[in-house]
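With PDB, C-alpha atoms inside, this is run-v2.pdb:
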ATOM      1  CA  MET A 176     -24.415  27.171   7.140
ATOM      2  CA  ASP A 177     -22.703  29.863   9.203
ATOM      3  CA  LEU A 178     -19.144  28.825  10.111
ATOM      4  CA  GLY A 179     -18.550  31.924  12.198
ATOM      5  CA  PRO A 180     -15.621  34.354  12.172
ATOM      6  CA  HIS A 181     -13.065  31.623  11.373
ATOM      7  CA  ALA A 182     -14.876  30.236   8.321
ATOM      8  CA  ASN A 183     -11.902  31.005   6.055
ATOM      9  CA  PHE A 184      -9.596  28.785   8.120
ATOM     10  CA  ILE A 185     -12.096  25.898   8.106
ATOM     11  CA  LEU A 186     -12.819  26.117   4.373
ATOM     12  CA  LEU A 187      -9.135  26.502   3.506
ATOM     13  CA  ALA A 188      -8.297  23.390   5.547
ATOM     14  CA  TYR A 189     -10.922  21.314   3.709
ATOM     15  CA  ALA A 190      -9.896  22.758   0.317
ATOM     16  CA  ALA A 191      -6.252  21.883   1.028
ATOM     17  CA  ALA A 192      -7.233  18.332   2.032
ATOM     18  CA  ALA A 193      -9.314  17.894  -1.133
ATOM     19  CA  PHE A 194      -6.454  19.268  -3.264
ATOM     20  CA  VAL A 195      -3.720  17.088  -1.726
ATOM     21  CA  LEU A 196      -5.827  13.911  -1.774
ATOM     22  CA  SER A 197      -6.873  14.616  -5.398
ATOM     23  CA  LEU A 198      -3.206  15.010  -6.357
ATOM     24  CA  LEU A 199      -2.493  11.592  -4.834
ATOM     25  CA  VAL A 200      -5.311   9.985  -6.841
ATOM     26  CA  ILE A 201      -4.188  11.708 -10.079
ATOM     27  CA  TRP A 202      -0.570  10.652  -9.467
ATOM     28  CA  VAL A 203      -1.522   6.990  -8.949
ATOM     29  CA  VAL A 204      -3.819   6.865 -11.997
ATOM     30  CA  ALA A 205      -1.339   8.682 -14.278
ATOM     31  CA  ASP A 206       1.526   6.465 -13.105
ATOM     32  CA  HIS A 207      -0.504   3.313 -13.816
ATOM     33  CA  ARG A 208      -1.315   4.493 -17.338
ATOM     34  CA  ALA A 209       2.347   5.353 -17.965
ATOM     35  CA  GLN A 210       3.518   1.877 -16.868
ATOM     36  CA  VAL A 211       0.854   0.095 -18.936
ATOM     37  CA  ARG A 212       1.811   2.201 -21.980
ATOM     38  CA  ALA A 213       5.491   1.359 -21.481
ATOM     39  CA  ILE A 214       4.727  -2.372 -21.244
ATOM     40  CA  ASP A 215       2.498  -2.221 -24.344
ATOM     41  CA  ALA A 216       5.264  -0.443 -26.285
ATOM     42  CA  LEU A 217       7.854  -3.045 -25.253
ATOM     43  CA  GLU A 218       5.545  -5.973 -26.019
ATOM     44  CA  SER A 219       4.741  -4.522 -29.440
ATOM     45  CA  LYS A 220       8.489  -4.609 -30.145
ATOM     46  CA  GLY A 221       8.549  -8.294 -29.259
ATOM     47  CA  VAL A 222      10.107  -7.888 -25.825
ATOM     48  CA  SER A 223       8.639 -10.310 -23.290
ATOM     49  CA  ARG A 224       9.482 -11.322 -19.755
ATOM     50  CA  ARG A 225      11.615 -14.445 -19.420
ATOM     51  CA  SER A 226       9.003 -16.177 -17.243
ATOM     52  CA  GLY A 227       6.516 -15.919 -20.077
ATOM     53  CA  ALA A 228       3.913 -14.460 -17.685
ATOM     54  CA  ARG A 229       1.886 -11.557 -18.955
ATOM     55  CA  ALA A 230       3.493  -8.319 -17.796
ATOM     56  CA  ARG A 231       0.269  -6.854 -16.425
TER      57      ARG A 231
ATOM     58  CA  MET B 262      -6.612 -16.347  -0.463
ATOM     59  CA  ALA B 263      -3.939 -16.714   2.218
ATOM     60  CA  LEU B 264      -1.853 -13.648   3.027
ATOM     61  CA  LEU B 265       1.324 -15.466   2.014
ATOM     62  CA  ASP B 266      -0.112 -16.079  -1.472
ATOM     63  CA  LEU B 267       0.117 -12.312  -2.035
ATOM     64  CA  ALA B 268       3.911 -12.637  -1.973
ATOM     65  CA  ASN B 269       3.526 -13.790  -5.560
ATOM     66  CA  PRO B 270       3.333 -10.561  -7.639
ATOM     67  CA  ASN B 271       0.878 -12.063 -10.153
ATOM     68  CA  ARG B 272      -1.504 -13.082  -7.362
ATOM     69  CA  PHE B 273      -1.049  -9.653  -5.766
ATOM     70  CA  LEU B 274      -1.996  -7.952  -9.053
ATOM     71  CA  ALA B 275      -5.156 -10.077  -9.287
ATOM     72  CA  PHE B 276      -6.006  -9.198  -5.657
ATOM     73  CA  ALA B 277      -5.359  -5.480  -6.320
ATOM     74  CA  ARG B 278      -7.582  -5.500  -9.405
ATOM     75  CA  VAL B 279     -10.547  -6.557  -7.265
ATOM     76  CA  SER B 280      -9.810  -4.715  -4.025
ATOM     77  CA  ILE B 281      -8.857  -1.242  -5.331
ATOM     78  CA  PRO B 282     -12.422  -0.432  -6.531
ATOM     79  CA  VAL B 283     -13.869  -1.848  -3.283
ATOM     80  CA  PHE B 284     -11.654   0.333  -1.043
ATOM     81  CA  SER B 285     -12.175   3.357  -3.314
ATOM     82  CA  GLY B 286     -15.949   3.010  -3.009
ATOM     83  CA  LEU B 287     -15.708   2.538   0.759
ATOM     84  CA  ALA B 288     -13.504   5.633   1.037
ATOM     85  CA  ALA B 289     -15.969   7.784  -0.932
ATOM     86  CA  VAL B 290     -18.938   6.663   1.185
ATOM     87  CA  LEU B 291     -17.184   6.912   4.576
ATOM     88  CA  LEU B 292     -15.473  10.248   3.855
ATOM     89  CA  GLY B 293     -18.660  11.743   2.436
ATOM     90  CA  PHE B 294     -20.748  10.561   5.398
ATOM     91  CA  GLY B 295     -18.123  11.414   8.025
ATOM     92  CA  ILE B 296     -17.558  14.941   6.767
ATOM     93  CA  TRP B 297     -21.295  15.530   6.320
ATOM     94  CA  ARG B 298     -21.816  14.414   9.937
ATOM     95  CA  GLY B 299     -18.873  16.581  10.979
ATOM     96  CA  PHE B 300     -20.497  19.682   9.522
ATOM     97  CA  ASN B 301     -23.789  18.886  11.261
ATOM     98  CA  VAL B 302     -22.578  18.535  14.851
ATOM     99  CA  PRO B 303     -22.967  21.485  17.232
ATOM    100  CA  PRO B 304     -19.903  23.719  17.626
ATOM    101  CA  ASP B 305     -17.476  22.890  20.443
ATOM    102  CA  TYR B 306     -18.017  24.883  23.649
ATOM    103  CA  GLN B 307     -14.414  26.147  23.590
ATOM    104  CA  GLN B 308     -13.227  25.916  19.991
ATOM    105  CA  GLY B 309     -16.481  26.862  18.312
ATOM    106  CA  GLU B 310     -16.823  26.064  14.603
ATOM    107  CA  THR B 311     -13.083  25.485  14.154
ATOM    108  CA  VAL B 312     -13.494  22.055  15.770
ATOM    109  CA  ARG B 313     -14.632  20.870  12.307
ATOM    110  CA  ILE B 314     -10.994  20.986  11.185
ATOM    111  CA  MET B 315     -10.469  18.064  13.580
ATOM    112  CA  PHE B 316     -12.282  15.675  11.204
ATOM    113  CA  ILE B 317      -9.456  15.960   8.670
ATOM    114  CA  HIS B 318      -6.532  17.009  10.897
ATOM    115  CA  VAL B 319      -6.668  14.100  13.365
ATOM    116  CA  PRO B 320      -7.171  11.301  10.760
ATOM    117  CA  SER B 321      -4.271  12.796   8.754
ATOM    118  CA  ALA B 322      -2.049  12.574  11.850
ATOM    119  CA  TRP B 323      -3.139   8.987  12.571
ATOM    120  CA  MET B 324      -2.488   7.993   8.958
ATOM    121  CA  ALA B 325       0.957   9.659   8.907
ATOM    122  CA  LEU B 326       1.959   7.725  12.048
ATOM    123  CA  GLY B 327       0.327   4.466  10.928
ATOM    124  CA  ILE B 328       1.901   4.551   7.467
ATOM    125  CA  TYR B 329       5.372   5.124   8.900
ATOM    126  CA  THR B 330       4.781   2.140  11.216
ATOM    127  CA  LEU B 331       3.767   0.068   8.194
ATOM    128  CA  MET B 332       6.974   1.184   6.455
ATOM    129  CA  ALA B 333       9.012   0.103   9.504
ATOM    130  CA  ILE B 334       7.363  -3.348   9.465
ATOM    131  CA  SER B 335       8.053  -3.529   5.711
ATOM    132  CA  ALA B 336      11.682  -2.576   6.415
ATOM    133  CA  LEU B 337      11.919  -5.608   8.719
ATOM    134  CA  GLY B 338      10.336  -7.636   5.915
ATOM    135  CA  THR B 339      13.094  -6.458   3.572
ATOM    136  CA  LEU B 340      16.043  -6.918   5.929
ATOM    137  CA  VAL B 341      15.000  -9.965   7.968
ATOM    138  CA  TRP B 342      12.402 -12.008   6.106
ATOM    139  CA  ARG B 343      13.369 -10.946   2.540
ATOM    140  CA  HIS B 344       9.712 -10.819   1.583
ATOM    141  CA  PRO B 345       9.503 -10.093  -2.173
ATOM    142  CA  LEU B 346       6.857  -7.398  -1.798
ATOM    143  CA  ALA B 347       8.147  -5.760   1.412
ATOM    144  CA  ASP B 348      10.188  -3.042  -0.279
ATOM    145  CA  VAL B 349       7.442  -2.553  -2.876
ATOM    146  CA  ALA B 350       4.996  -1.893  -0.024
ATOM    147  CA  ALA B 351       7.430   0.502   1.695
ATOM    148  CA  LYS B 352       8.222   2.450  -1.479
ATOM    149  CA  ALA B 353       4.546   2.755  -2.421
ATOM    150  CA  ALA B 354       3.580   3.942   1.074
ATOM    151  CA  ALA B 355       6.196   6.708   1.420
ATOM    152  CA  PRO B 356       4.661   9.419  -0.830
ATOM    153  CA  ILE B 357       1.189   8.739   0.589
ATOM    154  CA  GLY B 358       2.497   9.025   4.147
ATOM    155  CA  ALA B 359       4.331  12.228   3.261
ATOM    156  CA  ALA B 360       1.102  13.696   1.873
ATOM    157  CA  PHE B 361      -0.817  12.844   5.065
ATOM    158  CA  ALA B 362       1.970  14.280   7.262
ATOM    159  CA  PHE B 363       1.924  17.472   5.164
ATOM    160  CA  LEU B 364      -1.876  17.667   5.464
ATOM    161  CA  CYS B 365      -1.632  17.193   9.222
ATOM    162  CA  LEU B 366       0.862  20.070   9.522
ATOM    163  CA  LEU B 367      -1.104  22.347   7.178
ATOM    164  CA  THR B 368      -4.537  21.772   8.723
ATOM    165  CA  GLY B 369      -2.942  22.036  12.172
ATOM    166  CA  ALA B 370      -1.525  25.453  11.263
ATOM    167  CA  LEU B 371      -4.941  26.553   9.986
ATOM    168  CA  TRP B 372      -6.509  25.365  13.249
ATOM    169  CA  GLY B 373      -3.743  26.839  15.415
ATOM    170  CA  ARG B 374      -3.994  30.392  14.101
ATOM    171  CA  PRO B 375      -7.571  31.066  15.324
ATOM    172  CA  MET B 376      -7.177  28.984  18.534
ATOM    173  CA  TRP B 377      -3.615  29.776  19.670
ATOM    174  CA  GLY B 378      -3.014  32.996  17.770
ATOM    175  CA  ALA B 379      -0.116  31.397  15.862
ATOM    176  CA  TYR B 380       0.221  29.175  12.811
ATOM    177  CA  TRP B 381       3.275  27.514  14.301
ATOM    178  CA  VAL B 382       4.949  27.059  17.678
ATOM    179  CA  TRP B 383       8.045  24.965  18.350
ATOM    180  CA  ASP B 384       6.345  22.692  20.846
ATOM    181  CA  ALA B 385       7.218  19.008  21.101
ATOM    182  CA  ARG B 386       4.167  17.646  19.240
ATOM    183  CA  LEU B 387       4.431  20.023  16.276
ATOM    184  CA  THR B 388       8.205  19.722  16.031
ATOM    185  CA  SER B 389       8.198  15.907  16.188
ATOM    186  CA  MET B 390       5.485  15.805  13.509
ATOM    187  CA  LEU B 391       7.643  18.097  11.338
ATOM    188  CA  VAL B 392      10.541  15.671  11.896
ATOM    189  CA  LEU B 393       8.261  12.814  10.743
ATOM    190  CA  PHE B 394       7.449  14.761   7.553
ATOM    191  CA  LEU B 395      11.169  15.386   6.945
ATOM    192  CA  LEU B 396      11.866  11.667   7.497
ATOM    193  CA  TYR B 397       9.307  10.857   4.802
ATOM    194  CA  LEU B 398      11.093  13.292   2.447
ATOM    195  CA  GLY B 399      14.451  11.701   3.321
ATOM    196  CA  VAL B 400      13.098   8.230   2.513
ATOM    197  CA  LEU B 401      11.702   9.477  -0.818
ATOM    198  CA  ALA B 402      15.012  11.167  -1.683
ATOM    199  CA  LEU B 403      16.975   7.990  -0.879
ATOM    200  CA  TRP B 404      14.695   5.890  -3.109
ATOM    201  CA  ARG B 405      15.368   8.296  -5.976
ATOM    202  CA  ALA B 406      19.113   8.437  -5.342
ATOM    203  CA  MET B 407      19.736   4.781  -6.308
ATOM    204  CA  ASP B 408      18.877   3.130  -9.625
ATOM    205  CA  GLU B 409      18.962  -0.500  -8.501
ATOM    206  CA  PRO B 410      15.789  -1.227  -6.457
ATOM    207  CA  GLY B 411      17.415  -3.981  -4.367
ATOM    208  CA  HIS B 412      20.267  -1.772  -3.131
ATOM    209  CA  ALA B 413      17.932   1.163  -2.524
ATOM    210  CA  ALA B 414      15.525  -1.075  -0.586
ATOM    211  CA  ARG B 415      18.155  -2.091   1.990
ATOM    212  CA  ALA B 416      19.450   1.466   2.489
ATOM    213  CA  VAL B 417      15.907   2.828   2.809
ATOM    214  CA  ALA B 418      14.971   0.026   5.227
ATOM    215  CA  VAL B 419      17.823   1.012   7.561
ATOM    216  CA  LEU B 420      16.870   4.704   7.412
ATOM    217  CA  THR B 421      13.203   3.833   8.014
ATOM    218  CA  LEU B 422      13.998   1.739  11.082
ATOM    219  CA  VAL B 423      16.278   4.418  12.532
ATOM    220  CA  GLY B 424      13.579   7.024  11.929
ATOM    221  CA  PHE B 425      10.925   4.871  13.590
ATOM    222  CA  VAL B 426      12.210   6.052  16.971
ATOM    223  CA  ASN B 427      10.375   9.310  16.193
ATOM    224  CA  VAL B 428       6.929   7.641  16.035
ATOM    225  CA  PRO B 429       6.513   7.061  19.806
ATOM    226  CA  ILE B 430       8.025  10.527  20.363
ATOM    227  CA  VAL B 431       5.211  12.053  18.276
ATOM    228  CA  LYS B 432       2.587   9.992  20.103
ATOM    229  CA  PHE B 433       3.820  10.627  23.665
ATOM    230  CA  SER B 434       5.271  14.124  23.192
ATOM    231  CA  VAL B 435       2.148  15.657  24.730
ATOM    232  CA  ASP B 436       2.632  13.495  27.850
ATOM    233  CA  TRP B 437       6.406  13.808  28.182
ATOM    234  CA  TRP B 438       6.652  17.578  27.700
ATOM    235  CA  SER B 439       4.520  20.605  28.423
ATOM    236  CA  THR B 440       2.991  21.447  25.057
ATOM    237  CA  LEU B 441       0.554  23.969  23.656
ATOM    238  CA  HIS B 442      -0.961  21.081  21.701
ATOM    239  CA  GLN B 443      -3.693  19.326  23.678
ATOM    240  CA  PRO B 444      -3.071  15.840  25.150
ATOM    241  CA  ALA B 445      -4.522  12.680  23.596
ATOM    242  CA  SER B 446      -8.319  12.559  23.785
ATOM    243  CA  VAL B 447      -9.184   9.361  21.845
ATOM    244  CA  PHE B 448      -6.505   6.650  22.314
ATOM    245  CA  ARG B 449      -6.147   6.718  26.108
ATOM    246  CA  LEU B 450      -5.935   3.926  28.681
ATOM    247  CA  ASP B 451      -8.975   5.361  30.498
ATOM    248  CA  GLY B 452     -11.012   5.703  27.293
ATOM    249  CA  PRO B 453     -11.800   8.683  25.066
ATOM    250  CA  THR B 454     -12.488  12.029  26.718
ATOM    251  CA  ILE B 455     -14.049  13.492  23.602
ATOM    252  CA  HIS B 456     -17.856  13.694  23.482
ATOM    253  CA  PRO B 457     -19.531  10.933  21.404
ATOM    254  CA  VAL B 458     -21.236  13.592  19.270
ATOM    255  CA  LEU B 459     -17.783  14.619  18.000
ATOM    256  CA  LEU B 460     -16.133  11.201  18.319
ATOM    257  CA  THR B 461     -18.543   9.401  15.955
ATOM    258  CA  PRO B 462     -17.919  11.556  12.844
ATOM    259  CA  LEU B 463     -14.216  11.613  13.696
ATOM    260  CA  LEU B 464     -14.042   7.802  13.664
ATOM    261  CA  ILE B 465     -16.126   7.559  10.475
ATOM    262  CA  SER B 466     -13.855  10.094   8.776
ATOM    263  CA  ALA B 467     -10.788   8.188  10.031
ATOM    264  CA  LEU B 468     -12.149   4.942   8.556
ATOM    265  CA  GLY B 469     -12.647   6.816   5.283
ATOM    266  CA  PHE B 470      -9.020   7.986   5.351
ATOM    267  CA  LEU B 471      -7.940   4.387   6.051
ATOM    268  CA  ALA B 472      -9.975   3.033   3.115
ATOM    269  CA  LEU B 473      -8.543   5.755   0.865
ATOM    270  CA  PHE B 474      -5.017   4.843   1.967
ATOM    271  CA  LEU B 475      -5.628   1.140   1.271
ATOM    272  CA  ALA B 476      -6.912   1.930  -2.240
ATOM    273  CA  LEU B 477      -4.008   4.305  -2.975
ATOM    274  CA  HIS B 478      -1.420   1.977  -1.472
ATOM    275  CA  LEU B 479      -2.581  -1.082  -3.405
ATOM    276  CA  ALA B 480      -2.656   0.995  -6.605
ATOM    277  CA  ALA B 481       0.822   2.433  -5.942
ATOM    278  CA  MET B 482       2.169  -1.073  -5.179
ATOM    279  CA  ARG B 483       0.698  -2.317  -8.463
ATOM    280  CA  ASN B 484       2.410   0.587 -10.253
ATOM    281  CA  GLU B 485       5.741  -0.252  -8.620
ATOM    282  CA  ILE B 486       5.492  -3.916  -9.675
ATOM    283  CA  LEU B 487       4.736  -2.825 -13.251
ATOM    284  CA  ARG B 488       7.639  -0.299 -13.149
ATOM    285  CA  ARG B 489      10.030  -3.108 -12.190
ATOM    286  CA  ARG B 490       8.676  -5.254 -15.003
ATOM    287  CA  VAL B 491       9.270  -2.401 -17.450
ATOM    288  CA  ARG B 492      12.830  -2.099 -16.109
ATOM    289  CA  THR B 493      13.431  -5.833 -16.535
ATOM    290  CA  MET B 494      11.978  -5.815 -20.069
ATOM    291  CA  ARG B 495      14.144  -2.825 -21.033
ATOM    292  CA  MET B 496      17.242  -4.591 -19.718
ATOM    293  CA  LEU B 497      16.319  -7.738 -21.663
ATOM    294  CA  ALA B 498      15.754  -5.629 -24.796
ATOM    295  CA  ALA B 499      19.106  -3.890 -24.311
ATOM    296  CA  SER B 500      20.913  -7.203 -23.874
ATOM    297  CA  GLY B 501      19.168  -8.635 -26.941
ATOM    298  CA  SER B 502      18.043 -11.758 -25.066
ATOM    299  CA  HIS B 503      14.271 -11.409 -25.421
TER     300      HIS B 503
END
Entire entry expressed as structure tokens:
Amino acid sequence: MDLGPHANFILLAYAAAAFVLSLLVIWVVADHRAQVRAIDALESKGVSRRSGARAR
Amino acid sequence: MALLDLANPNRFLAFARVSIPVFSGLAAVLLGFGIWRGFNVPPDYQQGETVRIMFIHVPSAWMALGIYTLMAISALGTLVWRHPLADVAAKAAAPIGAAFAFLCLLTGALWGRPMWGAYWVWDARLTSMLVLFLLYLGVLALWRAMDEPGHAARAVAVLTLVGFVNVPIVKFSVDWWSTLHQPASVFRLDGPTIHPVLLTPLLISALGFLALFLALHLAAMRNEILRRRVRTMRMLAASGSH
């Protein structure tokens, strides 16, 4: 597909969008894993929430 | 499930577990289809091929404005109704809104250079959108400046509400001042002025951005609830009362 003389601007805009949105997804997934790991580590040491509800 | 039931964090986590994959799938389908359609429409008679940047630039702008509005409603939830998840929702939304505001500014610059001959001009629309991005950064900085989530939530809620005055300024800047940026062409009292051939992929792409935001926001809210549980458990461990 020929995007004309301004193809670089169009492709750069889409690449930037893909990069930024991918960073958001990676951040959310990595943060979730970190919190689950922290809860697992605390529970393995016998720490539990006062309500007795499962932390996750 | 009633909306009020989601005020219970355990019920919210169960809701998030089901809805995050649904919104993620919707986002992938809608974004894929919208962008594919966007690359298969004829070039604009004035802007040529660069009009394709619109399919990511405009939804990014709508999301940046919509997310800040959601944060303002959440701020009311924190200050007035004391809803237990209001500040969680606001804190989770801020980095996502900042990312969309950044994307709007960046893709706008990449669209402006070939169309206006400049990446940036200090016109009212661009400047007010930059202010919105800086407000997002201010909110994020204030969250990080305080350790106790309850205190931070009230301070951030006040800042968010004060900053909300900028949202209508962004929206109506093109009507109130003479700007290089074009006036509104979709959300107008007399209906859209944009051709349906371009409007359809734009709306599909915007729905994809909305679904992606919902998936990311629910996931970030879940993370924030878990982070607060970790904090509570660490405090219990430190006090020796577990």
TODO: Rounded to one decimal place, report the CA of Phe273 in chain B-CA of Leu475 in chain B distance in Å.
DONE: 13.7 Å
TODO: Find the spatial neighbours of Asp177 in chain A, counting all atoms listed in the file, within a cut-off of 12 Å - ignore same-chain residues fewer than 6 positions away - and output them as a ChimeraX atom specification.
DONE: /A:183,185-186 /B:300-301,303-304,309-311
Pick out the chain B residues within 8 Å of chain A. Count all atoms listed in the file. Give them as a PDB file with C-alpha atoms, in the frame of the given file.
ATOM      1  CA  LEU B 274      -1.996  -7.952  -9.053  1.00  0.00           C
ATOM      2  CA  GLU B 310     -16.823  26.064  14.603  1.00  0.00           C
ATOM      3  CA  THR B 311     -13.083  25.485  14.154  1.00  0.00           C
ATOM      4  CA  ARG B 313     -14.632  20.870  12.307  1.00  0.00           C
ATOM      5  CA  ILE B 314     -10.994  20.986  11.185  1.00  0.00           C
ATOM      6  CA  ILE B 317      -9.456  15.960   8.670  1.00  0.00           C
ATOM      7  CA  ILE B 357       1.189   8.739   0.589  1.00  0.00           C
ATOM      8  CA  ALA B 360       1.102  13.696   1.873  1.00  0.00           C
ATOM      9  CA  LEU B 364      -1.876  17.667   5.464  1.00  0.00           C
ATOM     10  CA  LEU B 367      -1.104  22.347   7.178  1.00  0.00           C
ATOM     11  CA  THR B 368      -4.537  21.772   8.723  1.00  0.00           C
ATOM     12  CA  LEU B 371      -4.941  26.553   9.986  1.00  0.00           C
ATOM     13  CA  TRP B 372      -6.509  25.365  13.249  1.00  0.00           C
ATOM     14  CA  PRO B 375      -7.571  31.066  15.324  1.00  0.00           C
ATOM     15  CA  LEU B 477      -4.008   4.305  -2.975  1.00  0.00           C
ATOM     16  CA  ALA B 480      -2.656   0.995  -6.605  1.00  0.00           C
ATOM     17  CA  ALA B 481       0.822   2.433  -5.942  1.00  0.00           C
ATOM     18  CA  ARG B 483       0.698  -2.317  -8.463  1.00  0.00           C
ATOM     19  CA  ASN B 484       2.410   0.587 -10.253  1.00  0.00           C
ATOM     20  CA  LEU B 487       4.736  -2.825 -13.251  1.00  0.00           C
ATOM     21  CA  ARG B 488       7.639  -0.299 -13.149  1.00  0.00           C
ATOM     22  CA  ARG B 490       8.676  -5.254 -15.003  1.00  0.00           C
ATOM     23  CA  VAL B 491       9.270  -2.401 -17.450  1.00  0.00           C
ATOM     24  CA  THR B 493      13.431  -5.833 -16.535  1.00  0.00           C
ATOM     25  CA  MET B 494      11.978  -5.815 -20.069  1.00  0.00           C
ATOM     26  CA  ARG B 495      14.144  -2.825 -21.033  1.00  0.00           C
ATOM     27  CA  LEU B 497      16.319  -7.738 -21.663  1.00  0.00           C
ATOM     28  CA  ALA B 498      15.754  -5.629 -24.796  1.00  0.00           C
ATOM     29  CA  HIS B 503      14.271 -11.409 -25.421  1.00  0.00           C
TER      30      HIS B 503
END
Task: Contacts of Gln443 in chain B within 12 Å, all atoms listed in the file, excl. fewer than 3 positions in-chain, as a ChimeraX atom specification - done: /B:319,369,373,376-377,384-387,432-436,438-440,446-447,454-455
Open item on the list: Can you spell out as a PyMOL selection string the set of residues that the PyMOL selection byres ((chain B and resi 476) around 6) selects in the structure I just provided?
Closed with: chain B and resi 281+284-285+473-475+477-479
TODO: Tell me which of B:Phe276, B:Gly469, B:Phe425, B:Pro270 sits closest to Ile334 in chain B, counting all atoms listed in the file.
DONE: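 The closest residue to Ile334 in chain B is B:Phe425.
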Task: Interatomic distance, CA of Cys365 in chain B to CA of Ala325 in chain B (Å, one decimal) - done: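 These two atoms are separated by 8.0 Å.
The space separating CA of Gly338 in chain B from CA of Val423 in chain B comes to 15.0 Å.
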Open item on the list: Give me, as a list of chain:residue names, all polymer residues having an atom no more than 9 Å from Pro462 in chain B, counting all atoms listed in the file and skipping those fewer than 6 positions away in the same chain.
Closed with: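 Selected residues are B:Phe294, B:Gly295, B:Ile296, B:Trp297, B:Arg298, B:Gly299, B:Val302, B:Phe316.
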Open item on the list: Given all atoms listed in the file as the basis, pick out the residue of B:Val417, B:Leu471, B:Ala322, B:Met390 nearest to Ala355 in chain B.
Closed with: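 Of B:Val417, B:Leu471, B:Ala322, B:Met390, the one nearest Ala355 in chain B, counting all atoms listed in the file, is B:Val417.
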TODO: Would you kindly return, as JSON, numbers by chain, each protein, DNA or RNA residue with an atom no farther than 8 Å from any atom of Pro320 in chain B, considering all atoms listed in the file and excluding same-chain residues fewer than 3 positions away?
DONE: {"B": [316, 317, 323, 324, 463, 466, 467, 470]}
Box dimensions and centre (Å, one decimal) enclosing range 272-291 of chain B, axis-aligned, 3 Å extra per side, as lines of an AutoDock Vina configuration file:
center_x = -10.0
center_y = -2.6
center_z = -2.4
size_x = 23.9
size_y = 26.9
size_z = 20.0
Open item on the list: Show me, as a list of chain:residue names, the residues that have an atom within 7 Å of Ser389 in chain B when counting all atoms listed in the file, minus same-chain residues fewer than 3 positions from it.
Closed with: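 Final neighbour list, sorted by chain and number: B:Ala385, B:Arg386, B:Val392, B:Leu393, B:Asn427, B:Ile430, B:Val431.
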